[in-house]
file upload_39.csv (CSV, C-alpha atoms)
chain,number,residue,atom,x,y,z
G,253,MET,CA,128.0,145.0,119.0
G,254,GLY,CA,126.7,148.3,120.4
G,255,ALA,CA,128.8,148.2,123.5
G,256,TYR,CA,132.0,149.6,122.0
G,257,SER,CA,132.4,152.8,124.1
G,258,THR,CA,134.4,152.7,127.3
G,259,ARG,CA,131.3,153.6,129.3
G,260,ALA,CA,129.3,150.8,127.7
G,261,GLN,CA,132.0,148.3,128.2
G,262,ARG,CA,132.1,149.0,131.9
G,263,ARG,CA,128.3,148.4,132.1
G,264,PHE,CA,128.1,145.5,129.6
G,265,ASP,CA,126.6,142.9,131.9
G,266,LYS,CA,124.0,145.3,133.3
G,267,CYS,CA,123.0,146.5,129.8
G,268,LEU,CA,122.8,143.0,128.5
G,269,SER,CA,120.6,142.0,131.4
G,270,GLU,CA,118.3,144.9,130.7
G,271,VAL,CA,118.1,144.1,127.0
G,272,PHE,CA,117.2,140.5,127.8
G,273,THR,CA,114.6,141.7,130.2
G,274,LEU,CA,113.0,143.9,127.6
G,275,PHE,CA,113.4,141.3,124.8
G,276,PRO,CA,113.3,137.8,126.4
G,277,ARG,CA,113.2,136.1,123.0
G,278,LEU,CA,116.5,137.5,122.1
G,279,LYS,CA,118.0,135.8,125.1
G,280,ASP,CA,116.7,132.5,123.8
G,281,ARG,CA,118.2,133.2,120.4
G,282,ARG,CA,121.5,134.8,121.5
G,283,ARG,CA,123.5,132.2,119.5
G,284,GLN,CA,121.5,132.7,116.3
G,285,ILE,CA,123.0,134.9,113.5
G,286,ALA,CA,121.3,138.3,113.7
G,287,GLY,CA,120.7,138.4,109.9
G,288,THR,CA,118.4,135.4,110.2
G,289,PHE,CA,115.9,137.2,112.6
G,290,LEU,CA,113.0,138.0,110.3
G,291,ALA,CA,110.3,139.0,112.8
G,292,ALA,CA,112.8,140.1,115.5
G,293,SER,CA,115.0,142.4,113.3
G,294,SER,CA,113.7,145.5,115.0
G,295,ARG,CA,114.5,144.0,118.4
G,296,CYS,CA,118.1,143.5,117.1
G,297,TRP,CA,118.7,147.1,116.2
G,298,GLN,CA,116.9,148.4,119.3
G,299,SER,CA,119.1,146.1,121.5
G,300,ARG,CA,122.3,147.2,119.7
G,301,GLY,CA,121.4,150.9,120.5
G,302,LEU,CA,120.6,150.0,124.1
G,303,MET,CA,123.9,148.2,124.6
G,304,SER,CA,125.7,151.6,124.2
G,305,ASP,CA,124.2,152.6,127.5
G,306,PRO,CA,122.6,155.8,126.1
G,307,GLY,CA,121.3,158.7,128.1
G,308,ILE,CA,119.1,159.7,125.3
G,309,LEU,CA,117.5,157.6,122.6
G,310,ILE,CA,117.0,159.1,119.1
G,311,ILE,CA,115.1,157.0,116.7
G,312,ASP,CA,114.6,157.7,113.0
G,313,GLU,CA,111.3,156.6,111.4
G,314,LEU,CA,110.3,154.5,114.4
G,315,SER,CA,107.4,152.6,112.9
G,316,LEU,CA,108.4,152.5,109.2
G,317,GLY,CA,107.6,149.2,107.7
G,318,LEU,CA,106.4,147.6,110.9
G,319,ALA,CA,103.0,145.9,111.4
G,320,PRO,CA,100.6,147.7,113.7
G,321,VAL,CA,100.9,145.0,116.4
G,322,VAL,CA,104.7,145.4,116.4
G,323,VAL,CA,104.4,149.2,116.6
G,324,HIS,CA,102.3,148.8,119.8
G,325,GLN,CA,104.9,146.4,121.2
G,326,LEU,CA,107.6,148.9,120.4
G,327,PHE,CA,105.8,151.6,122.3
G,328,ASP,CA,105.4,149.4,125.3
G,329,THR,CA,109.1,148.9,125.1
G,330,LEU,CA,109.7,152.7,124.9
G,331,LYS,CA,107.5,153.2,127.9
G,332,ALA,CA,109.6,150.7,129.8
G,333,LEU,CA,112.8,152.4,128.7
G,334,ARG,CA,111.5,155.8,129.8
G,335,GLU,CA,111.1,154.3,133.3
G,336,THR,CA,114.9,153.4,133.3
G,337,GLY,CA,115.7,157.1,132.9
G,338,ILE,CA,116.5,157.2,129.1
G,339,SER,CA,115.2,160.4,127.5
G,340,ILE,CA,113.1,159.9,124.4
G,341,ALA,CA,111.8,163.3,123.2
G,342,TYR,CA,112.9,163.9,119.6
G,343,VAL,CA,111.1,163.0,116.4
G,344,MET,CA,113.2,162.3,113.4
G,345,ALA,CA,112.2,162.0,109.7
G,346,GLN,CA,114.7,160.9,107.1
G,347,GLY,CA,117.6,161.4,109.4
G,348,LYS,CA,116.7,165.0,110.3
G,349,LEU,CA,115.1,166.5,113.4
G,350,PHE,CA,111.4,166.9,112.7
G,351,THR,CA,110.3,168.2,116.0
G,352,GLU,CA,111.1,168.0,119.7
G,353,GLY,CA,109.3,168.3,123.0
G,354,LYS,CA,108.2,166.6,126.1
G,355,PRO,CA,106.9,163.1,125.4
G,356,ALA,CA,103.5,163.8,126.7
G,357,GLU,CA,103.2,166.9,124.4
G,358,LEU,CA,104.4,165.0,121.4
G,359,ALA,CA,102.0,162.1,122.1
G,360,LYS,CA,99.1,164.6,121.9
G,361,ARG,CA,100.0,165.8,118.4
G,362,ARG,CA,97.7,164.2,115.8
G,363,ASP,CA,100.2,164.6,113.0
G,364,ILE,CA,102.9,162.7,114.9
G,365,ARG,CA,100.4,160.0,116.1
G,366,GLU,CA,99.3,159.4,112.5
G,367,ALA,CA,102.6,159.7,110.7
G,368,TYR,CA,104.8,157.9,113.2
G,369,LEU,CA,102.6,155.7,115.3
G,370,GLY,CA,100.0,154.7,112.8
G,371,LEU,CA,97.3,155.7,115.3
call {"tool": "encode", "arguments": {"input": "upload_39.csv", "output": "structure tokens"}}
result
Amino acid sequence: MGAYSTRAQRRFDKCLSEVFTLFPRLKDRRRQIAGTFLAASSRCWQSRGLMSDPGILIIDELSLGLAPVVVHQLFDTLKALRETGISIAYVMAQGKLFTEGKPAELAKRRDIREAYLGL
């Protein structure tokens, strides 16, 4: 669903392969209706965003409503995404830019770690 741009359509197979590498359970459930994914719903919206083949990933309220274990899994995923060349350096709150900076600098900020990462 996220691969609607011309750029994303040209790279559809590559993006889908990358999404399935990041989220192997989604590959197993690719024929399941997305609305029936209870525990995997965050994986669905993340995958939809990745299918657009983004150069930068902006995420609003990253850990809102997620269990701590899921938050840690999500950050492992973000680390893997960073290695693919996607920039992740903006912090959003309620749809507005809260702060920006290099990921290493943002990760050191206690207010961000507490509010967004639950750490």
call {"tool": "atom_distance", "arguments": {"input": "upload_39.csv", "atom1": "CA of Ser299 in chain G", "atom2": "CA of Gly347 in chain G"}}
result
19.6 Å
call {"tool": "residues_around", "arguments": {"input": "upload_39.csv", "residues": "range 256-269 of chain G", "least_positions_apart": "4", "cutoff": "10 Å", "atoms": "all atoms listed in the file", "output": "PyMOL selection string"}}
result
chain G and resi 273-276+279+299-300+302-306
call {"tool": "closest_residue", "arguments": {"input": "upload_39.csv", "among": "G:Leu309, G:Trp297, G:Lys360, G:Leu316", "to": "Ile340 in chain G", "atoms": "only C-alpha atoms"}}
result
G:Leu309
call {"tool": "closest_residue", "arguments": {"input": "upload_39.csv", "among": "G:Ala332, G:Ile364, G:Leu358, G:Leu349", "to": "Ile311 in chain G", "atoms": "only C-alpha atoms"}}
result
G:Leu349
call {"tool": "atom_distance", "arguments": {"input": "upload_39.csv", "atom1": "CA of Gln284 in chain G", "atom2": "CA of Pro320 in chain G"}}
result
25.9 Å
call {"tool": "atom_distance", "arguments": {"input": "upload_39.csv", "atom1": "CA of Met344 in chain G", "atom2": "CA of Phe272 in chain G"}}
result
26.4 Å
call {"tool": "closest_residue", "arguments": {"input": "upload_39.csv", "among": "G:Leu326, G:Ile308, G:Ala359, G:Ala367", "to": "Ser339 in chain G", "atoms": "only C-alpha atoms"}}
result
G:Ile308
call {"tool": "closest_residue", "arguments": {"input": "upload_39.csv", "among": "G:Glu366, G:Gln298, G:Ala255, G:Thr288", "to": "Val271 in chain G", "atoms": "all atoms listed in the file"}}
result
G:Gln298
call {"tool": "build_atoms", "arguments": {"input": "upload_39.csv", "residues": "range 331-352 of chain G", "atoms": "N, CA and C atoms", "output": "short mmCIF file (atom, residue, chain, number, x, y, z; two decimals), in the frame of the given file"}}
result
data_model
loop_
_atom_site.label_atom_id
_atom_site.label_comp_id
_atom_site.auth_asym_id
_atom_site.auth_seq_id
_atom_site.Cartn_x
_atom_site.Cartn_y
_atom_site.Cartn_z
N LYS G 331 108.01 152.82 126.63
CA LYS G 331 107.50 153.20 127.90
C LYS G 331 108.40 152.61 129.04
N ALA G 332 108.76 151.34 128.87
CA ALA G 332 109.60 150.70 129.80
C ALA G 332 111.00 151.35 129.88
N LEU G 333 111.51 151.73 128.72
CA LEU G 333 112.80 152.40 128.70
C LEU G 333 112.76 153.75 129.36
N ARG G 334 111.68 154.47 129.16
CA ARG G 334 111.50 155.80 129.80
C ARG G 334 111.64 155.64 131.33
N GLU G 335 111.10 154.55 131.84
CA GLU G 335 111.10 154.30 133.30
C GLU G 335 112.56 154.06 133.79
N THR G 336 113.48 153.67 132.89
CA THR G 336 114.90 153.40 133.30
C THR G 336 115.66 154.74 133.34
N GLY G 337 115.06 155.85 132.85
CA GLY G 337 115.70 157.10 132.90
C GLY G 337 116.27 157.59 131.53
N ILE G 338 116.08 156.79 130.49
CA ILE G 338 116.50 157.20 129.10
C ILE G 338 115.51 158.24 128.62
N SER G 339 116.01 159.35 128.11
CA SER G 339 115.20 160.40 127.50
C SER G 339 114.80 160.00 126.09
N ILE G 340 113.54 160.16 125.75
CA ILE G 340 113.10 159.90 124.40
C ILE G 340 112.13 161.08 124.07
N ALA G 341 112.66 162.10 123.39
CA ALA G 341 111.80 163.30 123.20
C ALA G 341 112.04 163.95 121.83
N TYR G 342 112.71 163.31 120.93
CA TYR G 342 112.90 163.90 119.60
C TYR G 342 112.25 163.04 118.56
N VAL G 343 111.72 163.69 117.54
CA VAL G 343 111.10 163.00 116.40
C VAL G 343 111.90 163.25 115.19
N MET G 344 112.39 162.17 114.58
CA MET G 344 113.20 162.30 113.40
C MET G 344 112.44 161.85 112.16
N ALA G 345 112.79 162.42 111.02
CA ALA G 345 112.20 162.00 109.70
C ALA G 345 113.33 162.09 108.70
N GLN G 346 113.63 160.98 108.08
CA GLN G 346 114.70 160.90 107.10
C GLN G 346 116.01 161.42 107.55
N GLY G 347 116.33 161.09 108.80
CA GLY G 347 117.60 161.40 109.40
C GLY G 347 117.74 162.88 109.86
N LYS G 348 116.67 163.64 109.84
CA LYS G 348 116.70 165.00 110.30
C LYS G 348 115.70 165.24 111.40
N LEU G 349 116.01 166.19 112.28
CA LEU G 349 115.10 166.50 113.40
C LEU G 349 113.81 167.09 112.80
N PHE G 350 112.68 166.46 113.13
CA PHE G 350 111.40 166.90 112.70
C PHE G 350 110.75 167.85 113.69
N THR G 351 110.79 167.43 114.94
CA THR G 351 110.30 168.20 116.00
C THR G 351 110.83 167.72 117.34
N GLU G 352 110.65 168.46 118.38
CA GLU G 352 111.10 168.00 119.70
C GLU G 352 110.13 168.52 120.74
#
